[in-house]
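**Q** So here's model.tsv, just TSV, C-alpha atoms:
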chain	number	residue	atom	x	y	z
A	1	MET	CA	296.12	225.35	-14.97
A	2	THR	CA	294.00	222.33	-14.17
A	3	GLY	CA	293.60	219.32	-16.44
A	4	ALA	CA	295.85	216.63	-17.80
A	5	ALA	CA	298.68	217.63	-20.08
A	6	ILE	CA	299.47	216.73	-23.66
A	7	LYS	CA	302.87	215.05	-23.67
A	8	TYR	CA	303.43	214.59	-27.39
A	9	LEU	CA	302.46	216.29	-30.64
A	10	ILE	CA	302.28	214.03	-33.67
A	11	LEU	CA	302.61	215.79	-37.01
A	12	ASP	CA	301.78	214.74	-40.50
A	13	ALA	CA	304.39	216.02	-42.96
A	14	ASP	CA	302.85	216.90	-46.34
A	15	GLY	CA	300.20	219.57	-45.96
A	16	VAL	CA	301.14	220.24	-42.35
A	17	LEU	CA	304.88	220.81	-42.11
A	18	THR	CA	304.85	221.70	-45.81
A	19	ASP	CA	302.19	223.15	-48.05
A	20	SER	CA	300.36	220.50	-50.02
A	21	ARG	CA	302.56	220.83	-53.11
A	22	ILE	CA	305.18	218.29	-54.07
A	23	THR	CA	307.89	219.56	-56.43
A	24	TYR	CA	310.13	217.26	-58.46
A	25	THR	CA	313.43	218.09	-60.14
A	26	ASP	CA	314.19	216.68	-63.61
A	27	GLU	CA	316.04	213.90	-61.85
A	28	GLY	CA	312.91	212.98	-59.93
A	29	VAL	CA	314.17	214.31	-56.62
A	30	GLU	CA	311.38	215.59	-54.39
A	31	ILE	CA	311.77	219.15	-53.10
A	32	LYS	CA	309.94	220.27	-49.98
A	33	SER	CA	309.87	223.66	-48.32
A	34	PHE	CA	309.60	223.97	-44.57
A	35	ASN	CA	308.65	226.99	-42.55
A	36	VAL	CA	311.18	228.47	-40.14
A	37	LYS	CA	308.49	229.62	-37.73
A	38	ASP	CA	307.07	226.09	-37.63
A	39	GLY	CA	310.56	224.87	-36.80
A	40	HIS	CA	310.83	227.27	-33.92
A	41	GLY	CA	307.40	226.23	-32.67
A	42	ILE	CA	308.63	222.64	-32.59
A	43	LYS	CA	311.75	223.69	-30.66
A	44	LEU	CA	309.58	225.62	-28.19
A	45	LEU	CA	307.49	222.54	-27.56
A	46	MET	CA	310.49	220.30	-27.07
A	47	ARG	CA	312.14	222.75	-24.69
A	48	ALA	CA	308.90	222.84	-22.70
A	49	GLY	CA	308.99	219.04	-22.40
A	50	ILE	CA	306.37	218.25	-25.02
A	51	GLY	CA	307.73	215.70	-27.47
A	52	VAL	CA	307.27	215.99	-31.23
A	53	ALA	CA	307.13	213.15	-33.74
A	54	VAL	CA	306.27	212.91	-37.43
A	55	ILE	CA	304.16	210.17	-38.99
A	56	THR	CA	303.85	210.36	-42.77
A	57	GLY	CA	302.67	208.08	-45.49
A	58	ARG	CA	305.40	209.12	-47.94
A	59	TYR	CA	309.15	208.82	-47.81
A	60	SER	CA	311.41	211.83	-48.26
A	61	LYS	CA	315.07	212.58	-47.68
A	62	ALA	CA	314.19	216.25	-47.25
A	63	LEU	CA	311.99	215.41	-44.29
A	64	GLU	CA	314.77	213.32	-42.81
A	65	HIS	CA	317.11	216.32	-43.02
A	66	ARG	CA	314.55	218.68	-41.56
A	67	ALA	CA	313.82	216.32	-38.68
A	68	HIS	CA	317.54	215.99	-38.03
A	69	ASP	CA	317.94	219.79	-38.00
A	70	LEU	CA	315.15	220.10	-35.47
A	71	GLN	CA	316.35	217.10	-33.45
A	72	ILE	CA	313.06	215.30	-33.91
A	73	GLU	CA	313.98	211.78	-32.90
A	74	HIS	CA	310.90	209.95	-34.00
A	75	VAL	CA	310.03	210.12	-37.70
A	76	VAL	CA	307.89	207.34	-39.12
A	77	GLN	CA	307.95	207.48	-42.92
A	78	GLY	CA	306.05	205.27	-45.35
A	79	ALA	CA	303.27	204.68	-42.81
A	80	LYS	CA	300.39	203.45	-44.96
A	81	ASP	CA	298.25	202.87	-41.87
A	82	LYS	CA	298.75	205.91	-39.65
A	83	LYS	CA	296.55	204.58	-36.88
A	84	ALA	CA	298.71	201.46	-36.59
A	85	ALA	CA	301.84	203.58	-36.78
A	86	LEU	CA	300.55	205.80	-33.99
A	87	LEU	CA	299.73	202.83	-31.76
A	88	ASP	CA	303.15	201.27	-32.40
A	89	PHE	CA	304.84	204.56	-31.66
A	90	ALA	CA	302.81	205.13	-28.49
A	91	GLU	CA	303.77	201.69	-27.25
A	92	GLU	CA	307.42	202.26	-28.13
A	93	ILE	CA	307.66	205.42	-26.04
A	94	GLY	CA	305.37	204.17	-23.28
A	95	LEU	CA	302.55	206.67	-23.68
A	96	ALA	CA	298.86	206.35	-24.47
A	97	PRO	CA	297.40	208.09	-27.54
A	98	GLY	CA	295.24	209.87	-24.97
A	99	GLU	CA	298.35	211.77	-23.91
A	100	MET	CA	299.01	212.99	-27.43
A	101	ALA	CA	297.80	215.63	-29.87
A	102	TYR	CA	297.74	214.94	-33.60
A	103	MET	CA	297.91	217.44	-36.43
A	104	GLY	CA	296.89	216.30	-39.88
A	105	ASP	CA	295.28	217.65	-43.03
A	106	ASP	CA	293.69	214.77	-44.90
A	107	VAL	CA	291.27	211.91	-44.37
A	108	VAL	CA	294.07	209.38	-43.98
A	109	ASP	CA	294.88	211.12	-40.71
A	110	LEU	CA	291.38	210.77	-39.25
A	111	PRO	CA	291.67	207.25	-37.73
A	112	ALA	CA	294.85	208.23	-35.88
A	113	MET	CA	293.43	211.61	-34.89
A	114	ALA	CA	290.38	209.96	-33.37
A	115	LEU	CA	292.56	208.13	-30.87
A	116	CYS	CA	294.40	211.20	-29.64
A	117	ALA	CA	293.38	213.57	-26.90
A	118	LEU	CA	293.46	216.60	-29.14
A	119	SER	CA	293.19	216.88	-32.92
A	120	ILE	CA	294.36	219.87	-34.93
A	121	ALA	CA	294.14	220.71	-38.63
A	122	PRO	CA	295.68	223.54	-40.66
A	123	SER	CA	293.25	225.98	-42.25
A	124	ASP	CA	293.70	224.42	-45.69
A	125	ALA	CA	292.98	220.87	-44.56
A	126	VAL	CA	290.23	219.04	-46.41
A	127	ASP	CA	286.72	219.85	-45.18
A	128	MET	CA	286.06	216.40	-43.75
A	129	VAL	CA	289.05	216.81	-41.48
A	130	LYS	CA	288.24	220.37	-40.48
A	131	GLU	CA	284.73	219.29	-39.54
A	132	ARG	CA	286.03	216.61	-37.19
A	133	VAL	CA	289.00	218.11	-35.38
A	134	ASP	CA	289.08	220.00	-32.11
A	135	ILE	CA	291.04	222.96	-33.48
A	136	VAL	CA	291.50	224.45	-36.94
A	137	THR	CA	294.44	226.85	-37.10
A	138	LYS	CA	294.13	230.20	-38.82
A	139	LEU	CA	297.24	229.51	-40.89
A	140	PRO	CA	297.64	226.92	-43.65
A	141	GLY	CA	300.04	223.99	-43.70
A	142	GLY	CA	303.64	224.92	-44.41
A	143	HIS	CA	302.93	228.56	-43.58
A	144	GLY	CA	302.99	228.70	-39.81
A	145	ALA	CA	300.16	226.32	-38.90
A	146	VAL	CA	302.48	224.16	-36.82
A	147	ARG	CA	303.82	227.21	-34.98
A	148	GLU	CA	300.25	228.25	-34.23
A	149	ALA	CA	299.43	224.75	-32.98
A	150	ALA	CA	302.56	224.73	-30.84
A	151	GLU	CA	301.56	227.99	-29.19
A	152	ILE	CA	298.03	226.67	-28.57
A	153	LEU	CA	299.46	223.58	-26.87
A	154	LEU	CA	301.86	225.65	-24.78
A	155	LYS	CA	299.06	227.98	-23.68
A	156	ARG	CA	296.74	225.10	-22.85
A	157	SER	CA	299.50	223.49	-20.80
A	158	GLY	CA	300.28	226.73	-18.99
A	159	LEU	CA	303.80	226.67	-20.39
A	160	PHE	CA	303.63	229.54	-22.85
A	161	ASP	CA	304.86	232.33	-20.58
A	162	ALA	CA	307.81	230.25	-19.38
A	163	ALA	CA	308.65	229.37	-22.99
A	164	MET	CA	308.65	233.06	-23.94
A	165	GLU	CA	310.63	234.19	-20.91
A	166	ARG	CA	314.00	233.85	-22.63
A	167	TYR	CA	312.84	236.24	-25.35
A	168	VAL	CA	310.78	238.83	-23.52
A	169	GLY	CA	312.19	238.58	-20.00
B	170	MET	CA	274.37	212.38	-5.29
B	171	SER	CA	271.40	213.85	-7.00
B	172	ALA	CA	271.63	216.12	-9.98
B	173	LYS	CA	269.67	218.76	-8.06
B	174	LEU	CA	272.13	218.72	-5.16
B	175	LEU	CA	275.07	219.05	-7.50
B	176	GLY	CA	273.34	222.01	-9.09
B	177	ILE	CA	272.83	223.60	-5.66
B	178	LEU	CA	276.46	222.98	-4.70
B	179	PHE	CA	277.53	224.47	-7.97
B	180	VAL	CA	275.61	227.65	-7.29
B	181	ILE	CA	276.82	227.84	-3.66
B	182	SER	CA	280.40	227.44	-4.78
B	183	LEU	CA	280.04	230.29	-7.20
B	184	VAL	CA	278.48	232.58	-4.64
B	185	THR	CA	280.97	231.82	-1.88
B	186	ALA	CA	283.87	232.24	-4.22
B	187	GLY	CA	282.56	235.64	-5.14
B	188	ILE	CA	282.56	234.78	-8.77
B	189	TYR	CA	280.25	236.72	-10.93
B	190	PHE	CA	278.51	235.45	-14.00
B	191	LEU	CA	278.93	237.08	-17.33
B	192	ASN	CA	277.09	236.66	-20.55
B	193	ARG	CA	279.62	236.39	-23.29
B	194	ASP	CA	280.05	234.68	-26.59
B	195	ASP	CA	282.88	232.24	-26.04
B	196	THR	CA	285.50	231.82	-23.36
B	197	SER	CA	287.39	228.82	-24.60
B	198	PRO	CA	291.13	229.41	-24.08
B	199	GLY	CA	292.13	228.11	-27.48
B	200	THR	CA	289.83	230.18	-29.62
B	201	GLN	CA	292.17	233.13	-29.86
B	202	SER	CA	294.40	231.09	-32.06
B	203	GLY	CA	292.07	228.62	-33.64
B	204	GLN	CA	288.51	227.76	-34.38
B	205	GLU	CA	287.06	225.34	-31.86
B	206	GLU	CA	283.86	223.42	-31.37
B	207	ASP	CA	282.79	225.70	-28.49
B	208	GLU	CA	281.72	228.34	-30.95
B	209	GLU	CA	278.46	226.52	-31.54
B	210	LEU	CA	277.59	226.07	-27.86
B	211	GLN	CA	274.73	227.99	-26.38
B	212	VAL	CA	276.11	229.83	-23.35
B	213	LEU	CA	273.77	230.59	-20.46
B	214	ARG	CA	276.52	231.65	-18.07
B	215	THR	CA	280.15	231.05	-17.34
B	216	ALA	CA	282.50	231.11	-14.38
B	217	GLU	CA	286.22	230.70	-13.92
B	218	ASN	CA	288.34	228.91	-11.31
B	219	VAL	CA	285.39	227.04	-9.88
B	220	VAL	CA	285.65	224.68	-6.91
B	221	MET	CA	282.72	222.38	-6.16
B	222	HIS	CA	282.46	220.17	-3.08
B	223	GLU	CA	280.31	217.09	-3.23
B	224	LYS	CA	279.44	215.39	0.03
B	225	ARG	CA	278.24	211.86	-0.50
B	226	PRO	CA	275.69	210.83	2.12
B	227	GLY	CA	276.68	207.58	3.83
B	228	SER	CA	280.13	207.57	2.31
B	229	ASP	CA	283.51	208.87	3.37
B	230	LYS	CA	284.41	209.34	-0.30
B	231	ASP	CA	283.75	213.03	-0.75
B	232	LEU	CA	284.60	214.76	-4.00
B	233	VAL	CA	286.24	218.08	-4.77
B	234	ILE	CA	285.76	219.18	-8.37
B	235	ARG	CA	287.93	221.99	-9.70
B	236	ALA	CA	287.67	223.57	-13.14
B	237	ASP	CA	289.49	226.39	-14.88
B	238	ALA	CA	286.21	227.37	-16.52
B	239	VAL	CA	282.62	226.19	-16.31
B	240	THR	CA	280.00	227.03	-18.91
B	241	GLN	CA	276.35	226.26	-18.37
B	242	THR	CA	274.85	225.43	-21.74
B	243	SER	CA	271.36	224.40	-20.63
B	244	ASP	CA	269.42	223.74	-17.43
B	245	SER	CA	270.99	220.32	-17.18
B	246	SER	CA	274.27	220.69	-18.97
B	247	LEU	CA	277.65	222.03	-17.85
B	248	VAL	CA	280.89	222.15	-19.80
B	249	MET	CA	284.05	222.23	-17.72
B	250	ASN	CA	287.43	223.06	-19.18
B	251	GLY	CA	290.64	221.97	-17.50
B	252	PHE	CA	289.24	220.11	-14.56
B	253	THR	CA	290.17	217.67	-11.82
B	254	ILE	CA	288.08	215.54	-9.51
B	255	ASP	CA	289.75	214.61	-6.23
B	256	ARG	CA	288.20	212.03	-3.98
B	257	THR	CA	289.17	211.76	-0.34
B	258	ASP	CA	290.42	208.18	-0.78
B	259	GLY	CA	293.08	209.37	-3.24
B	260	MET	CA	291.24	208.71	-6.50
B	261	LYS	CA	291.78	211.54	-8.95
B	262	VAL	CA	290.37	212.18	-12.42
B	263	THR	CA	291.99	214.85	-14.58
B	264	GLY	CA	290.66	215.91	-17.95
B	265	GLY	CA	291.01	218.56	-20.58
B	266	ARG	CA	287.27	219.09	-20.89
B	267	ALA	CA	284.12	217.52	-19.56
B	268	GLU	CA	280.46	217.76	-20.40
B	269	TYR	CA	278.19	216.97	-17.48
B	270	ASP	CA	274.58	216.04	-18.04
B	271	THR	CA	273.20	216.67	-14.58
B	272	SER	CA	269.83	215.08	-15.30
B	273	ALA	CA	271.43	211.81	-16.33
B	274	SER	CA	274.41	212.12	-13.95
B	275	ARG	CA	276.62	211.37	-16.93
B	276	LEU	CA	280.04	212.94	-17.30
B	277	ASN	CA	281.63	212.81	-20.74
B	278	ILE	CA	285.34	213.56	-20.31
B	279	ILE	CA	287.60	214.23	-23.26
B	280	GLY	CA	291.27	214.29	-23.40
B	281	PRO	CA	293.74	214.07	-22.24
B	282	VAL	CA	292.21	212.10	-19.39
B	283	THR	CA	294.13	210.66	-16.46
B	284	ILE	CA	292.56	208.49	-13.77
B	285	LEU	CA	294.63	207.84	-10.67
B	286	THR	CA	293.09	205.02	-8.66
B	287	SER	CA	293.18	204.96	-4.88
B	288	ASP	CA	295.64	202.06	-4.95
B	289	GLY	CA	298.13	203.92	-7.13
B	290	TRP	CA	297.41	202.83	-10.70
B	291	GLU	CA	297.32	205.57	-13.31
B	292	ALA	CA	295.21	205.16	-16.43
B	293	SER	CA	295.75	207.42	-19.44
B	294	LEU	CA	292.84	207.69	-21.85
B	295	THR	CA	291.65	209.72	-24.79
B	296	ASP	CA	288.12	210.01	-23.44
B	297	VAL	CA	285.74	208.33	-21.02
B	298	VAL	CA	282.02	208.40	-20.36
B	299	TRP	CA	281.26	208.09	-16.67
B	300	ASP	CA	277.70	207.09	-15.79
B	301	ARG	CA	277.67	208.07	-12.16
B	302	LYS	CA	274.26	206.59	-11.43
B	303	ALA	CA	275.37	203.20	-12.69
B	304	ASP	CA	278.86	203.57	-11.18
B	305	HIS	CA	280.31	202.60	-14.52
B	306	ALA	CA	282.72	204.33	-16.87
B	307	VAL	CA	283.72	203.25	-20.33
B	308	THR	CA	286.12	204.21	-23.09
B	309	ARG	CA	286.32	202.63	-26.54
B	310	LYS	CA	289.76	204.07	-27.27
B	311	PRO	CA	293.21	202.78	-26.29
B	312	VAL	CA	294.10	202.87	-22.62
B	313	THR	CA	297.43	202.64	-20.85
B	314	VAL	CA	297.45	201.71	-17.17
B	315	ARG	CA	300.71	202.24	-15.30
B	316	GLY	CA	301.67	201.14	-11.84
B	317	ASP	CA	304.74	200.19	-9.82
B	318	GLN	CA	304.53	196.69	-11.18
B	319	GLY	CA	304.33	197.54	-14.85
B	320	THR	CA	302.21	198.81	-17.68
B	321	ILE	CA	299.06	197.24	-19.11
B	322	ARG	CA	297.50	198.33	-22.38
B	323	GLY	CA	294.21	197.63	-24.04
B	324	ASP	CA	292.12	198.92	-26.92
B	325	GLN	CA	289.22	199.79	-24.60
B	326	ALA	CA	288.34	199.70	-20.93
B	327	GLU	CA	285.53	199.73	-18.43
B	328	PHE	CA	285.74	200.99	-14.86
B	329	PHE	CA	283.54	199.79	-12.01
B	330	ASP	CA	283.14	200.32	-8.27
B	331	ASP	CA	284.17	203.96	-8.19
B	332	PHE	CA	287.15	203.31	-10.48
B	333	SER	CA	288.57	200.69	-8.13
B	334	ARG	CA	288.12	197.94	-10.72
B	335	ILE	CA	289.40	198.24	-14.31
B	336	GLN	CA	288.50	195.81	-17.05
B	337	LEU	CA	290.61	196.09	-20.19
B	338	ALA	CA	289.54	194.56	-23.48
B	339	GLY	CA	290.88	194.16	-27.00
B	340	ASN	CA	294.52	193.42	-27.68
B	341	VAL	CA	295.41	193.54	-23.99
B	342	ARG	CA	299.11	193.26	-23.25
B	343	ALA	CA	301.30	193.91	-20.24
B	344	LYS	CA	304.87	194.91	-19.64
B	345	ILE	CA	305.81	193.80	-16.15
B	346	THR	CA	308.74	195.55	-14.50
B	347	GLN	CA	309.32	192.78	-11.98
B	348	ASN	CA	308.15	189.26	-11.55
B	349	ILE	CA	304.89	189.78	-9.73
B	350	PHE	CA	304.09	186.09	-9.86
B	351	ILE	CA	306.82	185.17	-7.35
B	352	ASP	CA	306.69	186.35	-3.75
Take the structure from the file and write it as structure tokens.

**A**
Amino acid sequence: MTGAAIKYLILDADGVLTDSRITYTDEGVEIKSFNVKDGHGIKLLMRAGIGVAVITGRYSKALEHRAHDLQIEHVVQGAKDKKAALLDFAEEIGLAPGEMAYMGDDVVDLPAMALCALSIAPSDAVDMVKERVDIVTKLPGGHGAVREAAEILLKRSGLFDAAMERYVG
Amino acid sequence: MSAKLLGILFVISLVTAGIYFLNRDDTSPGTQSGQEEDEELQVLRTAENVVMHEKRPGSDKDLVIRADAVTQTSDSSLVMNGFTIDRTDGMKVTGGRAEYDTSASRLNIIGPVTILTSDGWEASLTDVVWDRKADHAVTRKPVTVRGDQGTIRGDQAEFFDDFSRIQLAGNVRAKITQNIFID
């Protein structure tokens, strides 16, 4: 495999790690559902040496728990300006946005996406996003789109076979 | 290096490598899983694992260009996926994908892009347009340049003199790992 490698995948949360719905209990607590296959895709990336971070405009305890479960160290919540959040994060970890991929589903993600080396959207992203990204997954957000993106990144990096070795020998 | 000569070298490389050309719809590696921009490209011919040698008359800075896949989309346009350019003085450009306009000698490289200069600095970029005739490359997206002495960042950059000179602009800041101002 020739070509430079993606070192980090940045994920939006709502509409990417979850479907686009937000459910509230009577007490006003937000409930989010995450996809197990997405979670495993994230683990596969991290094991292969590709970092994963989440940048989201909202704040949610559920996301905090999910990130903790998956050992995602970097979760930026309440980021009203995702481009600024991305640049701050890149500087914090010592990488350039050009070494990162970004997966998002709505127009607020576009300025950050434009800075990254590779942009990905789930199949149910808004049209303006789908028209501008490098890759549109077959699956929708919250239903395996992140797993699909993870496998694309692993294949592009030539790491997919090694990542699968522990399962298929 | 003329566009014609590059075209000739390209053809010679294909022949000597014993690579055959195929007419097919789309060979982009990512399309099995997702929908990519390549789908709209007109494909004249494609080749895989291509190595191109570029001898520069009057210069000891020869180039070796390697690509996982090359697609010719018109008489003067090549798309290379997963490619590296190695120059004999140690300069190396690595990119995810590049579109080469042979008539204009302009290479549009998109990410991730890494430029290793001959004196050991490594620049990481999202994309860069390299005007080879003018010996000038430019990116309008954030750049990180790393070296033994530290890291310098900027919102955009220009490269001159065969990538030996980098000019960063916009919110430029440096993190120096040692005091380079004292001998």

**Q** Can you tell me which residues surround Asp38 in chain A at a distance of at most 10 Å, considering only C-alpha atoms, apart from same-chain residues fewer than 3 positions away, and format the answer as number ranges by chain?

**A** A: 16-18, 34-35, 41-44, 141-150

**Q** Write the selection just made, keeping C-alpha atoms, as a PDB file, keeping the file's coordinate frame?

**A**
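Output file again-v1.pdb is given in full below:
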ATOM      1  CA  VAL A  16     301.140 220.240 -42.350  1.00  0.00           C
ATOM      2  CA  LEU A  17     304.880 220.810 -42.110  1.00  0.00           C
ATOM      3  CA  THR A  18     304.850 221.700 -45.810  1.00  0.00           C
ATOM      4  CA  PHE A  34     309.600 223.970 -44.570  1.00  0.00           C
ATOM      5  CA  ASN A  35     308.650 226.990 -42.550  1.00  0.00           C
ATOM      6  CA  GLY A  41     307.400 226.230 -32.670  1.00  0.00           C
ATOM      7  CA  ILE A  42     308.630 222.640 -32.590  1.00  0.00           C
ATOM      8  CA  LYS A  43     311.750 223.690 -30.660  1.00  0.00           C
ATOM      9  CA  LEU A  44     309.580 225.620 -28.190  1.00  0.00           C
ATOM     10  CA  GLY A 141     300.040 223.990 -43.700  1.00  0.00           C
ATOM     11  CA  GLY A 142     303.640 224.920 -44.410  1.00  0.00           C
ATOM     12  CA  HIS A 143     302.930 228.560 -43.580  1.00  0.00           C
ATOM     13  CA  GLY A 144     302.990 228.700 -39.810  1.00  0.00           C
ATOM     14  CA  ALA A 145     300.160 226.320 -38.900  1.00  0.00           C
ATOM     15  CA  VAL A 146     302.480 224.160 -36.820  1.00  0.00           C
ATOM     16  CA  ARG A 147     303.820 227.210 -34.980  1.00  0.00           C
ATOM     17  CA  GLU A 148     300.250 228.250 -34.230  1.00  0.00           C
ATOM     18  CA  ALA A 149     299.430 224.750 -32.980  1.00  0.00           C
ATOM     19  CA  ALA A 150     302.560 224.730 -30.840  1.00  0.00           C
TER      20      ALA A 150
END

**Q** If you measure from CA of Val248 in chain B to CA of Val52 in chain A, what distance in Å do you get, rounded to one decimal?

**A** 29.4 Å

**Q** Provide as a ChimeraX atom specification the residues of chain A at most 8 Å from chain B, counting only C-alpha atoms.

**A** /A:1-6,95-100,115-118,134-138,148,152,155-156

**Q** Can you work out the spacing between CA of Asp105 in chain A and CA of Val54 in chain A in Å, to one decimal?

**A**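 Separating CA of Asp105 in chain A from CA of Val54 in chain A is a distance of 13.2 Å.
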
**Q** List the neighbours of Arg58 in chain A out to 9 Å using only C-alpha atoms; skip same-chain residues closer than 3 positions along the sequence, and give me the result as a list in words.

**A**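 Residues meeting the cut-off are Ala13, Asp14, Gln77, Gly78, Ala79 and Lys80 of chain A.
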
**Q** Can those selected residues be exported to a file as a PDB file, keeping the file's coordinate frame so that it contains C-alpha atoms?

**A**
ATOM      1  CA  ALA A  13     304.390 216.020 -42.960  1.00  0.00           C
ATOM      2  CA  ASP A  14     302.850 216.900 -46.340  1.00  0.00           C
ATOM      3  CA  GLN A  77     307.950 207.480 -42.920  1.00  0.00           C
ATOM      4  CA  GLY A  78     306.050 205.270 -45.350  1.00  0.00           C
ATOM      5  CA  ALA A  79     303.270 204.680 -42.810  1.00  0.00           C
ATOM      6  CA  LYS A  80     300.390 203.450 -44.960  1.00  0.00           C
TER       7      LYS A  80
END

**Q** For Gly57 in chain A, which residue out of A:Ala84, A:Ile31, A:Leu9, A:Val76 is the nearest one, using only C-alpha atoms?

**A**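 Of A:Ala84, A:Ile31, A:Leu9, A:Val76, the one nearest Gly57 in chain A is A:Val76, counting only C-alpha atoms.
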
**Q** In Å, how far is it from CA of Arg334 in chain B to CA of Met221 in chain B?

**A**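 Going from CA of Arg334 in chain B over to CA of Met221 in chain B, I get 25.4 Å.
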
**Q** Have a look at A:Lys7, A:Ala114, A:Val108, A:Thr23 and name the one nearest to Val126 in chain A; count all atoms listed in the file.

**A**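 Result for the nearest residue to Val126 in chain A: A:Val108.
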
**Q** Neighbours of Asp255 in chain B within 7 Å (all atoms listed in the file; same-chain residues fewer than 5 positions away dropped), as a list in words?

**A**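 Once the nearby chain positions are removed, what remains is Leu232, Val233, Ile234, Met260, Lys261 and Val262 of chain B.
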